Amino acid sequence: MTAPLIDLLRADLFAANFSVTALTGLWGIEADAALHRNQRVPALRALARLRATLNVPEPNVALAQLFVLGLPVDRAEIDAALPSLGVDGAERLGLLTAHDGHGGTVDEPTLDDGAPQVKPVVDLRPYSFVDAHGAGSWWIASDLGELALGHPLAENHVLGVGGASLTLSALLIPAPVDSALDLGTGCGIQALHASRHARRVVATDISERALELAALNARLNGIDNIEFRLGSLFDPVAGERFDHIISNPPFVITPRVEGVPNYEYRDGGMVGDALVEAVVRGAAEHLTPGGVAQLLGNWEYHAEAEALDRLVDWLEPAPTTDPAAPLDAWIIEREVQLPTGYAETWIRDGGTRPDTPDFDRLYAAWLDDFEARGVRQVGFGYMLLRRPAADAHGRTRLLRLERLPEALGHNAAGIGSHLEECLAAHDWQAGLDDDTLLRSTLTVGSDVTEERHFWPGQEDPTLMTLHQGGGFGRSVPLDTAQAALVGACDGELPVGVIIGAIAQLLDADAEDLRAELLPRVRALLDDAFLEPPAPGSGA
């Protein structure tokens with residue numbers, strides 16, 4: 001049983017204050033930034049200076065060198081840094097090794113003192129975050145990266161918390177739900193995040209190694225509402241439905257030819273973007289009514305075809321789906337890459353360096369594959385899918401397909417709450433006829449500002465723009481009537497009364513102005529520039 005050993009590890013890490021803040025304090029902001037660029041020399045130099053000046057051992061120096069920088073450390077230092085678990089316990093957990101392949105003591109002293117040393121087997125580092133539920137911090141174990149290994153990654157590599165992981169966790173809608181599914185959990189980071197808003201979480205993966213590390217991470221962080229299951233795609237949850245499906249699937253488009261590595265954490269084993277299509281199509285049968293699926297994905301542009309149109313086809317229900325209604329969808333394309341740039345990105349991601357024969361061979365394989373299948377570009381983005389609620393008969397389907405390559409707004413706790421607000425506002429306004437909307441009172445979002453430009457000496461603005469500080473950082477051009485309407489939305493006057501007053505001021509026909517402004521009001525509600533009345537306000 002490893003659970004008691006994991007509990008000892010948690011106690012030791014807590015006692016050592018093995019945290020993001022503590023590690024940054026050890027080596028400084030500049031070295032921390034270098035580590036994010038996969039360069040550890042500045043951090044290692046900082047640790048060497050600390051060792052030379054400290055009068056007593058500092059546990060975090062040893063822990064950071066071993067588990068974050070991936071370098072050997074004197075056995076005595078780790079025994080002191082993990083007093084409850086000790087080196088023997090850490091070795092039983094598979095965190096490190098104190099022996100070489102012949103059973104002898106490792107003889108690679110980092111300090112030239114000849115003392116017995118230990119080597120890391122995993123990457124174990126602190127992770128901190130802020131979400132809608134507040135600030136949090138965990139310790140996350142994953143496989144050693146390319147920097148520590150000194151060679152390309154193994155195909156069964158279990159990735160730690162990377163850029164895609166952070167993107168998806170920030171997108172998660174934080175509404176409380178009964179059940180959540182993390183499809184392709186990897187090291188378990190999305191399942192851990194889901195555990196904060198779901199009563200129970202099922203986490204699946206095709207990799208036994210990934211599930212072992214994910215289960216270790218859950219226990220290490222005191223999280224006990226996650227169940228781990230082995231299997232591909234939706235096979236482990238056949239016949240089950242969930243309120244929230246989350247997936248950072250292995251969406252990378254990799255040539256399916258001999259000699260090209262197939263990394264479990266990123267390559268789904270299917271041709272092109274078929275893996276992402278399979279997740280989208282499978283979500284319909286595994287969502288509860290009103291349930292939401294959120295995932296990242298890549299999609300291909302073929303010849304002159306519009307990629308987003310292909311995504312709409314994926315949303316059509318399978319004959320066995322009940323009810324036979326297409327999913328709601330909000331798909332946001334954030335980036336588009338040419339085949340050359342895409343190939344370079346993912347070959348380098350696997351640890352194969354440019355200007356090597358292997359890199360050139362893989363590069364040619366990627367370009368051959370794209371050329372053979374007529375792929376001219378690859379898109380990347382976010383997909384939010386929703387199964388219609390049981391009482392949603394006659395509703396207006398949500399189908400938003402957008403390209404938003406610009407920087408996001410400021411979302412300290414992630415963008416998930418913004419997505420939730422937008423969905424709620426859309427559902428509210430889509431369920432109202434124009435007359436009811438005219439009788440409603442609205443307010444301007446707290447992060448919304450208005451910008452005006454004037455020609456020198458002129459009283460009237462030549463350009464007016466509404467800006468959103470959070471969310472997607474959108475900007476909307478305004479005309480005089482729309483600016484006046486937004487400016488008057490303070491939750492007091494109904495929309496119809498405001499439009500009537502504006503029509504009088506502009507000497508415009510009130511009916512024509514209502515027909516012009518109401519679609520804009522609905523659009524501003526959809527994007528959270530305007531907010532509907534609070535539930536129960538009677539407005």
# chains A, B, ... in the order shown; residues from 1 in each chain; ligands from 1

call {"tool": "residues_around", "arguments": {"residues": "A:Val68", "least_positions_apart": "4", "cutoff": "8 Å", "atoms": "only C-alpha atoms", "output": "PyMOL selection string"}}
result
chain A and resi 63-64+123-125

call {"tool": "residues_around", "arguments": {"residues": "A:Val444", "least_positions_apart": "4", "cutoff": "8 Å", "atoms": "only C-alpha atoms", "output": "list in words"}}
result
Val448, Val486, Gly487, Cys489, Asp490, Phe529, Leu530 and Glu531 of chain A

call {"tool": "write_last_selection", "arguments": {"atoms": "all heavy atoms", "output": "PDB file, in the first residue's frame"}}
result
ATOM      1  N   VAL A 448     -16.646  47.237 -18.235  1.00  0.00           N
ATOM      2  CA  VAL A 448     -16.854  47.886 -19.524  1.00  0.00           C
ATOM      3  C   VAL A 448     -16.541  49.377 -19.426  1.00  0.00           C
ATOM      4  O   VAL A 448     -16.983  50.063 -18.497  1.00  0.00           O
ATOM      5  CB  VAL A 448     -18.298  47.674 -20.011  1.00  0.00           C
ATOM      6  CG1 VAL A 448     -18.570  48.473 -21.287  1.00  0.00           C
ATOM      7  CG2 VAL A 448     -18.559  46.186 -20.252  1.00  0.00           C
ATOM      8  N   VAL A 486     -26.439  52.421 -24.167  1.00  0.00           N
ATOM      9  CA  VAL A 486     -25.569  51.760 -23.200  1.00  0.00           C
ATOM     10  C   VAL A 486     -25.353  52.655 -21.988  1.00  0.00           C
ATOM     11  O   VAL A 486     -25.389  52.203 -20.829  1.00  0.00           O
ATOM     12  CB  VAL A 486     -24.226  51.372 -23.860  1.00  0.00           C
ATOM     13  CG1 VAL A 486     -23.238  50.859 -22.807  1.00  0.00           C
ATOM     14  CG2 VAL A 486     -24.435  50.321 -24.934  1.00  0.00           C
ATOM     15  N   GLY A 487     -25.128  53.934 -22.227  1.00  0.00           N
ATOM     16  CA  GLY A 487     -24.883  54.862 -21.130  1.00  0.00           C
ATOM     17  C   GLY A 487     -26.046  54.980 -20.167  1.00  0.00           C
ATOM     18  O   GLY A 487     -25.852  55.307 -18.987  1.00  0.00           O
ATOM     19  N   CYS A 489     -28.158  52.441 -19.406  1.00  0.00           N
ATOM     20  CA  CYS A 489     -28.507  51.143 -18.816  1.00  0.00           C
ATOM     21  C   CYS A 489     -27.902  51.032 -17.418  1.00  0.00           C
ATOM     22  O   CYS A 489     -26.796  50.496 -17.232  1.00  0.00           O
ATOM     23  CB  CYS A 489     -28.016  50.007 -19.709  1.00  0.00           C
ATOM     24  SG  CYS A 489     -29.015  49.754 -21.194  1.00  0.00           S
ATOM     25  N   ASP A 490     -28.619  51.560 -16.444  1.00  0.00           N
ATOM     26  CA  ASP A 490     -28.146  51.529 -15.059  1.00  0.00           C
ATOM     27  C   ASP A 490     -29.044  50.688 -14.165  1.00  0.00           C
ATOM     28  O   ASP A 490     -28.971  50.770 -12.940  1.00  0.00           O
ATOM     29  CB  ASP A 490     -28.056  52.951 -14.507  1.00  0.00           C
ATOM     30  CG  ASP A 490     -29.394  53.686 -14.567  1.00  0.00           C
ATOM     31  OD1 ASP A 490     -30.404  53.076 -15.001  1.00  0.00           O
ATOM     32  OD2 ASP A 490     -29.443  54.873 -14.185  1.00  0.00           O
ATOM     33  N   PHE A 529     -21.323  42.616 -22.316  1.00  0.00           N
ATOM     34  CA  PHE A 529     -21.198  44.070 -22.191  1.00  0.00           C
ATOM     35  C   PHE A 529     -22.371  44.602 -21.381  1.00  0.00           C
ATOM     36  O   PHE A 529     -22.219  45.521 -20.568  1.00  0.00           O
ATOM     37  CB  PHE A 529     -21.198  44.723 -23.580  1.00  0.00           C
ATOM     38  CG  PHE A 529     -19.895  44.639 -24.307  1.00  0.00           C
ATOM     39  CD1 PHE A 529     -19.671  43.651 -25.245  1.00  0.00           C
ATOM     40  CD2 PHE A 529     -18.887  45.563 -24.072  1.00  0.00           C
ATOM     41  CE1 PHE A 529     -18.474  43.565 -25.930  1.00  0.00           C
ATOM     42  CE2 PHE A 529     -17.681  45.488 -24.741  1.00  0.00           C
ATOM     43  CZ  PHE A 529     -17.469  44.487 -25.680  1.00  0.00           C
ATOM     44  N   LEU A 530     -23.549  44.030 -21.623  1.00  0.00           N
ATOM     45  CA  LEU A 530     -24.741  44.338 -20.845  1.00  0.00           C
ATOM     46  C   LEU A 530     -25.141  43.100 -20.052  1.00  0.00           C
ATOM     47  O   LEU A 530     -24.926  41.966 -20.496  1.00  0.00           O
ATOM     48  CB  LEU A 530     -25.896  44.766 -21.756  1.00  0.00           C
ATOM     49  CG  LEU A 530     -25.742  46.099 -22.494  1.00  0.00           C
ATOM     50  CD1 LEU A 530     -26.939  46.334 -23.415  1.00  0.00           C
ATOM     51  CD2 LEU A 530     -25.607  47.261 -21.502  1.00  0.00           C
ATOM     52  N   GLU A 531     -25.721  43.327 -18.881  1.00  0.00           N
ATOM     53  CA  GLU A 531     -26.120  42.214 -18.013  1.00  0.00           C
ATOM     54  C   GLU A 531     -27.620  42.258 -17.772  1.00  0.00           C
ATOM     55  O   GLU A 531     -28.209  43.339 -17.600  1.00  0.00           O
ATOM     56  CB  GLU A 531     -25.380  42.317 -16.684  1.00  0.00           C
ATOM     57  CG  GLU A 531     -23.870  42.206 -16.831  1.00  0.00           C
ATOM     58  CD  GLU A 531     -23.140  42.382 -15.510  1.00  0.00           C
ATOM     59  OE1 GLU A 531     -23.810  42.713 -14.509  1.00  0.00           O
ATOM     60  OE2 GLU A 531     -21.908  42.195 -15.488  1.00  0.00           O
TER      61      GLU A 531
END

call {"tool": "select_by_dssp", "arguments": {"residues": "stretch 340-506 of chain A", "states": "helix (DSSP H, G or I)", "output": "MDAnalysis selection string"}}
result
chainID A and resid 340:349 357:372 416:430 434:438 480:488 495:506

call {"tool": "residues_around", "arguments": {"residues": "A:Gln294", "least_positions_apart": "2", "cutoff": "7 Å", "atoms": "only C-alpha atoms", "output": "number ranges by chain"}}
result
A: 245-247, 292, 383-385

call {"tool": "closest_residue", "arguments": {"among": "A:Val177, A:Ala364, A:Ile332, A:Leu93", "to": "A:Pro405", "atoms": "only C-alpha atoms"}}
result
A:Ile332

call {"tool": "closest_atom_pairs", "arguments": {"of": "stretch 228-308 of chain A", "to": "stretch 393-404 of chain A", "cutoff": "12 Å", "atoms": "only C-alpha atoms", "output": "CSV"}}
result
residue,atom,partner,partner_atom,distance
A:Glu306,CA,A:Leu401,CA,11.5
A:Ala307,CA,A:Leu401,CA,10.5
A:Leu308,CA,A:Leu401,CA,6.9

call {"tool": "write_last_selection", "arguments": {"atoms": "N, CA, C and O atoms", "output": "compact mmCIF listing (two decimals), in the first residue's frame"}}
result
# COMPACT_ATOMS: atom_id res chain seq x y z
N GLU A 306 -13.79 25.70 -45.77
CA GLU A 306 -13.83 26.47 -44.53
C GLU A 306 -13.81 25.49 -43.35
O GLU A 306 -14.73 24.68 -43.19
N ALA A 307 -12.75 25.58 -42.53
CA ALA A 307 -12.59 24.61 -41.45
C ALA A 307 -13.75 24.65 -40.46
O ALA A 307 -14.20 23.60 -39.99
N LEU A 308 -14.24 25.82 -40.13
CA LEU A 308 -15.30 25.90 -39.13
C LEU A 308 -16.59 25.25 -39.61
O LEU A 308 -17.40 24.78 -38.81

call {"tool": "atom_distance", "arguments": {"atom1": "atom CA of A:Val378", "atom2": "atom CA of A:Pro255"}}
result
13.8 Å

call {"tool": "closest_residue", "arguments": {"among": "A:Gly409, A:Gly374, A:Gly268, A:Pro57", "to": "A:Gly184", "atoms": "only C-alpha atoms"}}
result
A:Gly268

call {"tool": "residues_around", "arguments": {"residues": "A:Gly379", "least_positions_apart": "4", "cutoff": "8 Å", "atoms": "only C-alpha atoms", "output": "JSON, numbers by chain"}}
result
{"A": [298, 299, 300, 301, 307, 333, 334, 335, 336, 337]}

call {"tool": "write_last_selection", "arguments": {"atoms": "N, CA and C atoms", "output": "mmCIF file, in the first residue's frame"}}
result
data_model
loop_
_atom_site.group_PDB
_atom_site.id
_atom_site.type_symbol
_atom_site.label_atom_id
_atom_site.label_comp_id
_atom_site.auth_asym_id
_atom_site.auth_seq_id
_atom_site.Cartn_x
_atom_site.Cartn_y
_atom_site.Cartn_z
ATOM 1 N N ASN A 298 -7.383 20.844 -32.367
ATOM 2 C CA ASN A 298 -6.851 21.255 -33.663
ATOM 3 C C ASN A 298 -7.836 20.826 -34.734
ATOM 4 N N TRP A 299 -7.932 21.597 -35.806
ATOM 5 C CA TRP A 299 -8.758 21.208 -36.944
ATOM 6 C C TRP A 299 -8.078 21.648 -38.233
ATOM 7 N N GLU A 300 -8.319 20.874 -39.275
ATOM 8 C CA GLU A 300 -7.619 21.070 -40.533
ATOM 9 C C GLU A 300 -8.431 21.924 -41.509
ATOM 10 N N TYR A 301 -7.711 22.700 -42.287
ATOM 11 C CA TYR A 301 -8.273 23.399 -43.441
ATOM 12 C C TYR A 301 -7.869 22.605 -44.679
ATOM 13 N N ALA A 307 -12.753 25.578 -42.530
ATOM 14 C CA ALA A 307 -12.587 24.606 -41.447
ATOM 15 C C ALA A 307 -13.749 24.647 -40.462
ATOM 16 N N GLU A 333 -11.728 29.993 -32.480
ATOM 17 C CA GLU A 333 -10.413 29.717 -33.049
ATOM 18 C C GLU A 333 -9.450 30.807 -32.613
ATOM 19 N N ARG A 334 -8.360 30.383 -31.959
ATOM 20 C CA ARG A 334 -7.403 31.335 -31.405
ATOM 21 C C ARG A 334 -6.154 31.502 -32.260
ATOM 22 N N GLU A 335 -5.863 30.510 -33.094
ATOM 23 C CA GLU A 335 -4.603 30.548 -33.828
ATOM 24 C C GLU A 335 -4.720 29.673 -35.068
ATOM 25 N N VAL A 336 -4.004 30.054 -36.128
ATOM 26 C CA VAL A 336 -3.916 29.238 -37.335
ATOM 27 C C VAL A 336 -2.449 29.141 -37.725
ATOM 28 N N GLN A 337 -1.982 27.918 -38.044
ATOM 29 C CA GLN A 337 -0.602 27.709 -38.449
ATOM 30 C C GLN A 337 -0.540 27.076 -39.825
#

call {"tool": "atom_distance", "arguments": {"atom1": "atom CA of A:Leu466", "atom2": "atom CA of A:Ala501"}}
result
21.2 Å

call {"tool": "residues_around", "arguments": {"residues": "stretch 473-478 of chain A", "least_positions_apart": "5", "cutoff": "7 Å", "atoms": "only C-alpha atoms", "output": "PyMOL selection string"}}
result
chain A and resi 408-409+464-468+483

call {"tool": "write_last_selection", "arguments": {"atoms": "C-alpha atoms", "output": "short mmCIF file (atom, residue, chain, number, x, y, z; two decimals), in the first residue's frame"}}
result
data_model
loop_
_atom_site.label_atom_id
_atom_site.label_comp_id
_atom_site.auth_asym_id
_atom_site.auth_seq_id
_atom_site.Cartn_x
_atom_site.Cartn_y
_atom_site.Cartn_z
CA LEU A 408 -7.63 38.02 -23.85
CA GLY A 409 -8.86 40.53 -21.32
CA MET A 464 -16.74 55.89 -30.00
CA THR A 465 -15.76 52.40 -28.86
CA LEU A 466 -16.96 50.14 -26.07
CA HIS A 467 -14.15 48.12 -24.45
CA GLN A 468 -14.33 45.01 -22.27
CA ALA A 483 -23.76 54.88 -27.07
#

call {"tool": "residues_around", "arguments": {"residues": "A:Glu146", "least_positions_apart": "2", "cutoff": "10 Å", "atoms": "only C-alpha atoms", "output": "number ranges by chain"}}
result
A: 38, 70, 143-144, 148-154, 349-352

call {"tool": "residues_around", "arguments": {"residues": "A:Ala90", "least_positions_apart": "4", "cutoff": "12 Å", "atoms": "only C-alpha atoms", "output": "number ranges by chain"}}
result
A: 2, 4-10, 12, 63, 67, 75, 78-79, 81-86, 94-98, 118-122, 124

call {"tool": "closest_residue", "arguments": {"among": "A:Gln458, A:Asp88, A:Leu463, A:Gly470", "to": "A:Ala407", "atoms": "only C-alpha atoms"}}
result
A:Gly470

call {"tool": "decode", "arguments": {"residues": "stretch 427-449 of chain A", "atoms": "N, CA and C atoms", "output": "compact mmCIF listing (two decimals), in the first residue's frame"}}
result
# COMPACT_ATOMS: atom_id res chain seq x y z
N ASP A 427 -29.09 32.67 -22.95
CA ASP A 427 -30.32 31.91 -22.72
C ASP A 427 -31.46 32.82 -22.29
N TRP A 428 -31.12 33.81 -21.48
CA TRP A 428 -32.16 34.74 -21.00
C TRP A 428 -32.74 35.55 -22.15
N GLN A 429 -31.88 36.17 -22.95
CA GLN A 429 -32.40 37.03 -24.01
C GLN A 429 -33.02 36.24 -25.15
N ALA A 430 -32.48 35.01 -25.42
CA ALA A 430 -33.03 34.21 -26.51
C ALA A 430 -34.44 33.72 -26.18
N GLY A 431 -34.76 33.67 -24.89
CA GLY A 431 -36.08 33.22 -24.48
C GLY A 431 -37.11 34.34 -24.40
N LEU A 432 -36.71 35.57 -24.74
CA LEU A 432 -37.62 36.71 -24.67
C LEU A 432 -37.99 37.21 -26.05
N ASP A 433 -39.26 37.54 -26.25
CA ASP A 433 -39.62 38.25 -27.48
C ASP A 433 -39.23 39.71 -27.34
N ASP A 434 -39.31 40.47 -28.42
CA ASP A 434 -38.85 41.85 -28.40
C ASP A 434 -39.62 42.71 -27.40
N ASP A 435 -40.92 42.48 -27.30
CA ASP A 435 -41.71 43.31 -26.38
C ASP A 435 -41.27 43.09 -24.93
N THR A 436 -41.00 41.83 -24.55
CA THR A 436 -40.56 41.55 -23.18
C THR A 436 -39.17 42.13 -22.94
N LEU A 437 -38.30 42.05 -23.93
CA LEU A 437 -36.96 42.64 -23.79
C LEU A 437 -37.06 44.15 -23.62
N LEU A 438 -37.97 44.78 -24.31
CA LEU A 438 -38.14 46.24 -24.19
C LEU A 438 -38.60 46.63 -22.79
N ARG A 439 -39.29 45.75 -22.11
CA ARG A 439 -39.78 46.06 -20.76
C ARG A 439 -38.73 45.73 -19.68
N SER A 440 -37.58 45.19 -20.09
CA SER A 440 -36.57 44.76 -19.13
C SER A 440 -35.57 45.87 -18.83
N THR A 441 -35.01 45.79 -17.63
CA THR A 441 -33.96 46.74 -17.25
C THR A 441 -32.61 46.04 -17.27
N LEU A 442 -31.60 46.70 -17.84
CA LEU A 442 -30.28 46.12 -17.99
C LEU A 442 -29.24 47.00 -17.32
N THR A 443 -28.07 46.42 -17.06
CA THR A 443 -26.96 47.19 -16.50
C THR A 443 -25.70 46.92 -17.33
N VAL A 444 -24.79 47.88 -17.27
CA VAL A 444 -23.53 47.75 -17.99
C VAL A 444 -22.57 46.89 -17.15
N GLY A 445 -21.82 45.99 -17.81
CA GLY A 445 -20.86 45.16 -17.10
C GLY A 445 -19.84 46.00 -16.36
N SER A 446 -19.41 45.52 -15.21
CA SER A 446 -18.50 46.30 -14.35
C SER A 446 -17.13 46.53 -14.98
N ASP A 447 -16.77 45.72 -15.98
CA ASP A 447 -15.45 45.86 -16.61
C ASP A 447 -15.51 46.62 -17.93
N VAL A 448 -16.65 47.24 -18.23
CA VAL A 448 -16.85 47.89 -19.52
C VAL A 448 -16.54 49.38 -19.43
N THR A 449 -15.77 49.86 -20.39
CA THR A 449 -15.45 51.29 -20.48
C THR A 449 -15.76 51.78 -21.89
